[in-house]
Each structure stands twice: as C-alpha cells, then as structure tokens.
>>> print(open('target-v8.csv').read())   # CSV, C-alpha atoms
chain,number,residue,atom,x,y,z
A,263,MET,CA,12.6,-30.5,10.8
A,264,THR,CA,11.7,-31.8,7.3
A,265,LYS,CA,14.1,-33.8,5.2
A,266,LEU,CA,14.0,-31.0,2.6
A,267,LEU,CA,15.0,-28.4,5.2
A,268,GLU,CA,17.8,-30.7,6.5
A,269,LYS,CA,19.1,-31.1,2.9
A,270,ALA,CA,19.0,-27.3,2.4
A,271,ILE,CA,20.9,-26.6,5.6
A,272,GLU,CA,23.5,-29.2,4.7
A,273,ALA,CA,24.0,-27.5,1.3
A,274,VAL,CA,24.2,-24.1,3.0
A,275,ARG,CA,26.9,-25.4,5.4
A,276,LYS,CA,29.1,-25.9,2.4
A,277,LEU,CA,28.8,-22.2,1.3
A,278,PRO,CA,31.2,-19.4,2.3
A,279,ALA,CA,30.4,-17.6,5.5
A,280,SER,CA,28.9,-14.5,3.8
A,281,ARG,CA,26.5,-16.7,1.8
A,282,GLN,CA,25.6,-18.6,4.9
A,283,ASP,CA,24.7,-15.3,6.6
A,284,GLU,CA,22.5,-14.4,3.6
A,285,ALA,CA,20.6,-17.7,3.8
A,286,ALA,CA,20.2,-17.3,7.6
A,287,LYS,CA,18.7,-13.8,7.1
A,288,MET,CA,16.2,-15.2,4.6
A,289,LEU,CA,15.2,-18.0,7.0
A,290,LEU,CA,14.8,-15.6,9.9
A,291,PHE,CA,12.7,-13.3,7.7
A,292,LEU,CA,10.4,-16.2,6.8
A,293,ALA,CA,10.2,-17.2,10.5
A,294,ALA,CA,9.3,-13.6,11.5
A,295,GLN,CA,6.5,-13.5,9.0
A,296,GLU,CA,4.9,-16.4,10.8
A,297,LYS,CA,4.7,-14.4,14.0
A,298,SER,CA,3.1,-11.4,12.3
A,299,ASP,CA,-0.5,-10.6,12.9
A,300,LEU,CA,-0.9,-9.5,9.3
A,301,ARG,CA,-2.4,-12.2,7.2
A,302,LEU,CA,-3.9,-12.2,3.7
A,303,SER,CA,-7.3,-13.7,3.4
A,304,SER,CA,-7.7,-16.5,0.9
A,305,ASP,CA,-9.6,-14.1,-1.4
A,306,GLN,CA,-6.6,-11.7,-1.3
A,307,GLU,CA,-4.2,-14.5,-2.0
A,308,ALA,CA,-6.3,-15.6,-4.9
A,309,GLU,CA,-6.5,-12.1,-6.3
A,310,ILE,CA,-2.7,-11.7,-6.1
A,311,LYS,CA,-2.1,-15.0,-7.9
A,312,ARG,CA,-4.7,-14.0,-10.5
A,313,ARG,CA,-3.1,-10.6,-11.1
A,314,MET,CA,0.4,-12.1,-11.3
A,315,GLU,CA,-0.7,-14.5,-14.0
A,316,GLY,CA,-2.3,-11.8,-16.1
A,317,GLU,CA,-0.8,-9.1,-18.4
A,318,PRO,CA,1.1,-6.4,-16.5
A,319,TYR,CA,-0.9,-3.2,-16.0
A,320,TYR,CA,0.7,0.2,-16.4
A,321,LEU,CA,-0.8,3.6,-15.8
A,322,SER,CA,-0.3,6.3,-18.4
A,323,ASP,CA,1.4,9.6,-17.4
A,324,SER,CA,-1.9,11.4,-17.3
A,325,GLN,CA,-3.4,8.7,-15.1
A,326,VAL,CA,-0.5,8.9,-12.6
A,327,ARG,CA,-0.9,12.8,-12.6
A,328,ALA,CA,-4.6,12.4,-12.0
A,329,LEU,CA,-4.0,10.0,-9.1
A,330,PHE,CA,-1.5,12.3,-7.4
A,331,LYS,CA,-3.9,15.2,-7.9
A,332,ARG,CA,-6.7,13.2,-6.3
A,333,LEU,CA,-4.5,12.3,-3.4
A,334,GLY,CA,-3.4,15.9,-2.9
A,335,ALA,CA,0.2,15.3,-3.7
>>> encode(input="target-v8.csv", output="structure tokens")
Amino acid sequence: MTKLLEKAIEAVRKLPASRQDEAAKMLLFLAAQEKSDLRLSSDQEAEIKRRMEGEPYYLSDSQVRALFKRLGA
C-alpha cells in the first residue's frame, strides 16, 4: 500500500460511518475497473483528453432529429 493511500484511509477513518461507506464504494468501484476486460487504447485515451480540453460541442435540434431519424427512432 502506498503512503498516499495509507494517508487517505486514515483520513476516511475519521469520517462518519455513512461517509466511510461512500469512500469504500468508490474504492471498490475503482478496484472492479481493474478487473474489467474493457480497456481504452492509448489513442482512445488521447482522444478523450483532447476533446475534454476543447470547446464543448452541442448538436442543434435539427441535427438531433436527423440523427434519431437515421437511427430509426
């Protein structure tokens, strides 16, 4: 266990029980992700980072309607 994780766990121990459970759920979620077969490629990760740094992109109402029409919805 890293020193940072030890420090975090010590801080969580001081929280009320309900907050400790929230922290535990987050850690268990992170641990479960490590067991998943789903992984992003380095290219996919780079693309996500690139898009998160850019301007938000929104579709117009007409673009959304066209998309749903194309998808048959």
>>> atom_distance(input="target-v8.csv", atom1="CA of Lys287 (chain A)", atom2="CA of Leu266 (chain A)")
18.4 Å
>>> atom_distance(input="target-v8.csv", atom1="CA of Ala293 (chain A)", atom2="CA of Ile271 (chain A)")
15.1 Å
>>> atom_distance(input="target-v8.csv", atom1="CA of Arg313 (chain A)", atom2="CA of Val326 (chain A)")
19.7 Å
>>> residues_around(input="target-v8.csv", residues="Ala285 (chain A)", least_positions_apart="5", cutoff="10 Å", atoms="all atoms listed in the file", output="PDB file with C-alpha atoms, keeping the file's coordinate frame")
ATOM      1  CA  ALA A 270      19.000 -27.300   2.400  1.00  0.00           C
ATOM      2  CA  ILE A 271      20.900 -26.600   5.600  1.00  0.00           C
ATOM      3  CA  VAL A 274      24.200 -24.100   3.000  1.00  0.00           C
ATOM      4  CA  LEU A 277      28.800 -22.200   1.300  1.00  0.00           C
ATOM      5  CA  ALA A 279      30.400 -17.600   5.500  1.00  0.00           C
ATOM      6  CA  SER A 280      28.900 -14.500   3.800  1.00  0.00           C
ATOM      7  CA  LEU A 290      14.800 -15.600   9.900  1.00  0.00           C
ATOM      8  CA  PHE A 291      12.700 -13.300   7.700  1.00  0.00           C
TER       9      PHE A 291
END
>>> decode(input="target-v8.csv", residues="region 282-315 of chain A", atoms="N, CA and C atoms", output="CSV table (one decimal), in the first residue's frame")
chain,number,residue,atom,x,y,z
A,282,GLN,N,-17.8,7.0,5.3
A,282,GLN,CA,-16.8,5.9,5.2
A,282,GLN,C,-17.4,4.9,4.1
A,283,ASP,N,-18.7,4.6,4.2
A,283,ASP,CA,-19.2,3.7,3.2
A,283,ASP,C,-19.2,4.2,1.8
A,284,GLU,N,-19.4,5.5,1.7
A,284,GLU,CA,-19.3,6.2,0.3
A,284,GLU,C,-17.9,6.0,-0.2
A,285,ALA,N,-16.9,6.3,0.6
A,285,ALA,CA,-15.5,6.2,0.2
A,285,ALA,C,-15.2,4.7,-0.1
A,286,ALA,N,-15.7,3.8,0.6
A,286,ALA,CA,-15.4,2.4,0.4
A,286,ALA,C,-16.0,2.0,-1.0
A,287,LYS,N,-17.2,2.4,-1.3
A,287,LYS,CA,-17.9,2.1,-2.6
A,287,LYS,C,-17.0,2.7,-3.7
A,288,MET,N,-16.5,3.9,-3.6
A,288,MET,CA,-15.6,4.4,-4.6
A,288,MET,C,-14.4,3.6,-4.8
A,289,LEU,N,-13.7,3.2,-3.8
A,289,LEU,CA,-12.5,2.3,-3.9
A,289,LEU,C,-12.9,1.0,-4.5
A,290,LEU,N,-14.0,0.4,-4.1
A,290,LEU,CA,-14.4,-0.9,-4.7
A,290,LEU,C,-14.7,-0.8,-6.2
A,291,PHE,N,-15.3,0.4,-6.6
A,291,PHE,CA,-15.6,0.6,-8.0
A,291,PHE,C,-14.3,0.7,-8.8
A,292,LEU,N,-13.3,1.4,-8.2
A,292,LEU,CA,-12.0,1.6,-8.9
A,292,LEU,C,-11.3,0.2,-9.0
A,293,ALA,N,-11.4,-0.6,-8.0
A,293,ALA,CA,-10.8,-1.9,-8.0
A,293,ALA,C,-11.5,-2.8,-9.0
A,294,ALA,N,-12.8,-2.7,-9.1
A,294,ALA,CA,-13.5,-3.6,-10.1
A,294,ALA,C,-13.2,-3.2,-11.5
A,295,GLN,N,-12.9,-1.9,-11.8
A,295,GLN,CA,-12.5,-1.5,-13.1
A,295,GLN,C,-11.2,-2.2,-13.5
A,296,GLU,N,-10.3,-2.4,-12.6
A,296,GLU,CA,-9.0,-3.0,-12.9
A,296,GLU,C,-9.2,-4.5,-13.4
A,297,LYS,N,-10.3,-5.1,-13.0
A,297,LYS,CA,-10.6,-6.5,-13.3
A,297,LYS,C,-11.4,-6.6,-14.7
A,298,SER,N,-11.8,-5.5,-15.1
A,298,SER,CA,-12.6,-5.5,-16.4
A,298,SER,C,-11.7,-5.8,-17.6
A,299,ASP,N,-12.3,-6.4,-18.5
A,299,ASP,CA,-11.6,-6.7,-19.8
A,299,ASP,C,-11.7,-5.5,-20.7
A,300,LEU,N,-12.6,-4.6,-20.4
A,300,LEU,CA,-12.7,-3.4,-21.3
A,300,LEU,C,-11.6,-2.4,-21.0
A,301,ARG,N,-10.9,-2.1,-22.0
A,301,ARG,CA,-9.8,-1.1,-21.8
A,301,ARG,C,-9.8,-0.1,-23.0
A,302,LEU,N,-9.5,1.1,-22.7
A,302,LEU,CA,-9.3,2.1,-23.8
A,302,LEU,C,-7.9,2.0,-24.4
A,303,SER,N,-7.8,2.1,-25.6
A,303,SER,CA,-6.4,2.1,-26.2
A,303,SER,C,-5.8,3.5,-25.9
A,304,SER,N,-4.5,3.6,-26.1
A,304,SER,CA,-3.8,4.9,-25.8
A,304,SER,C,-4.4,6.0,-26.8
A,305,ASP,N,-4.7,5.6,-28.0
A,305,ASP,CA,-5.3,6.5,-28.9
A,305,ASP,C,-6.7,7.0,-28.4
A,306,GLN,N,-7.5,6.1,-27.9
A,306,GLN,CA,-8.8,6.5,-27.4
A,306,GLN,C,-8.7,7.4,-26.2
A,307,GLU,N,-7.7,7.1,-25.3
A,307,GLU,CA,-7.5,7.9,-24.1
A,307,GLU,C,-7.1,9.3,-24.6
A,308,ALA,N,-6.2,9.4,-25.5
A,308,ALA,CA,-5.7,10.7,-26.0
A,308,ALA,C,-6.8,11.5,-26.6
A,309,GLU,N,-7.7,10.8,-27.4
A,309,GLU,CA,-8.8,11.5,-28.0
A,309,GLU,C,-9.8,12.0,-26.9
A,310,ILE,N,-10.0,11.3,-25.9
A,310,ILE,CA,-10.9,11.8,-24.8
A,310,ILE,C,-10.3,13.0,-24.2
A,311,LYS,N,-9.0,12.9,-23.9
A,311,LYS,CA,-8.3,14.1,-23.2
A,311,LYS,C,-8.4,15.3,-24.2
A,312,ARG,N,-8.2,15.1,-25.5
A,312,ARG,CA,-8.2,16.2,-26.4
A,312,ARG,C,-9.6,16.8,-26.5
A,313,ARG,N,-10.6,16.0,-26.5
A,313,ARG,CA,-12.0,16.5,-26.5
A,313,ARG,C,-12.4,17.2,-25.2
A,314,MET,N,-11.9,16.7,-24.1
A,314,MET,CA,-12.2,17.4,-22.8
A,314,MET,C,-11.6,18.7,-22.7
A,315,GLU,N,-10.5,18.9,-23.4
A,315,GLU,CA,-9.8,20.2,-23.3
A,315,GLU,C,-10.3,21.2,-24.3
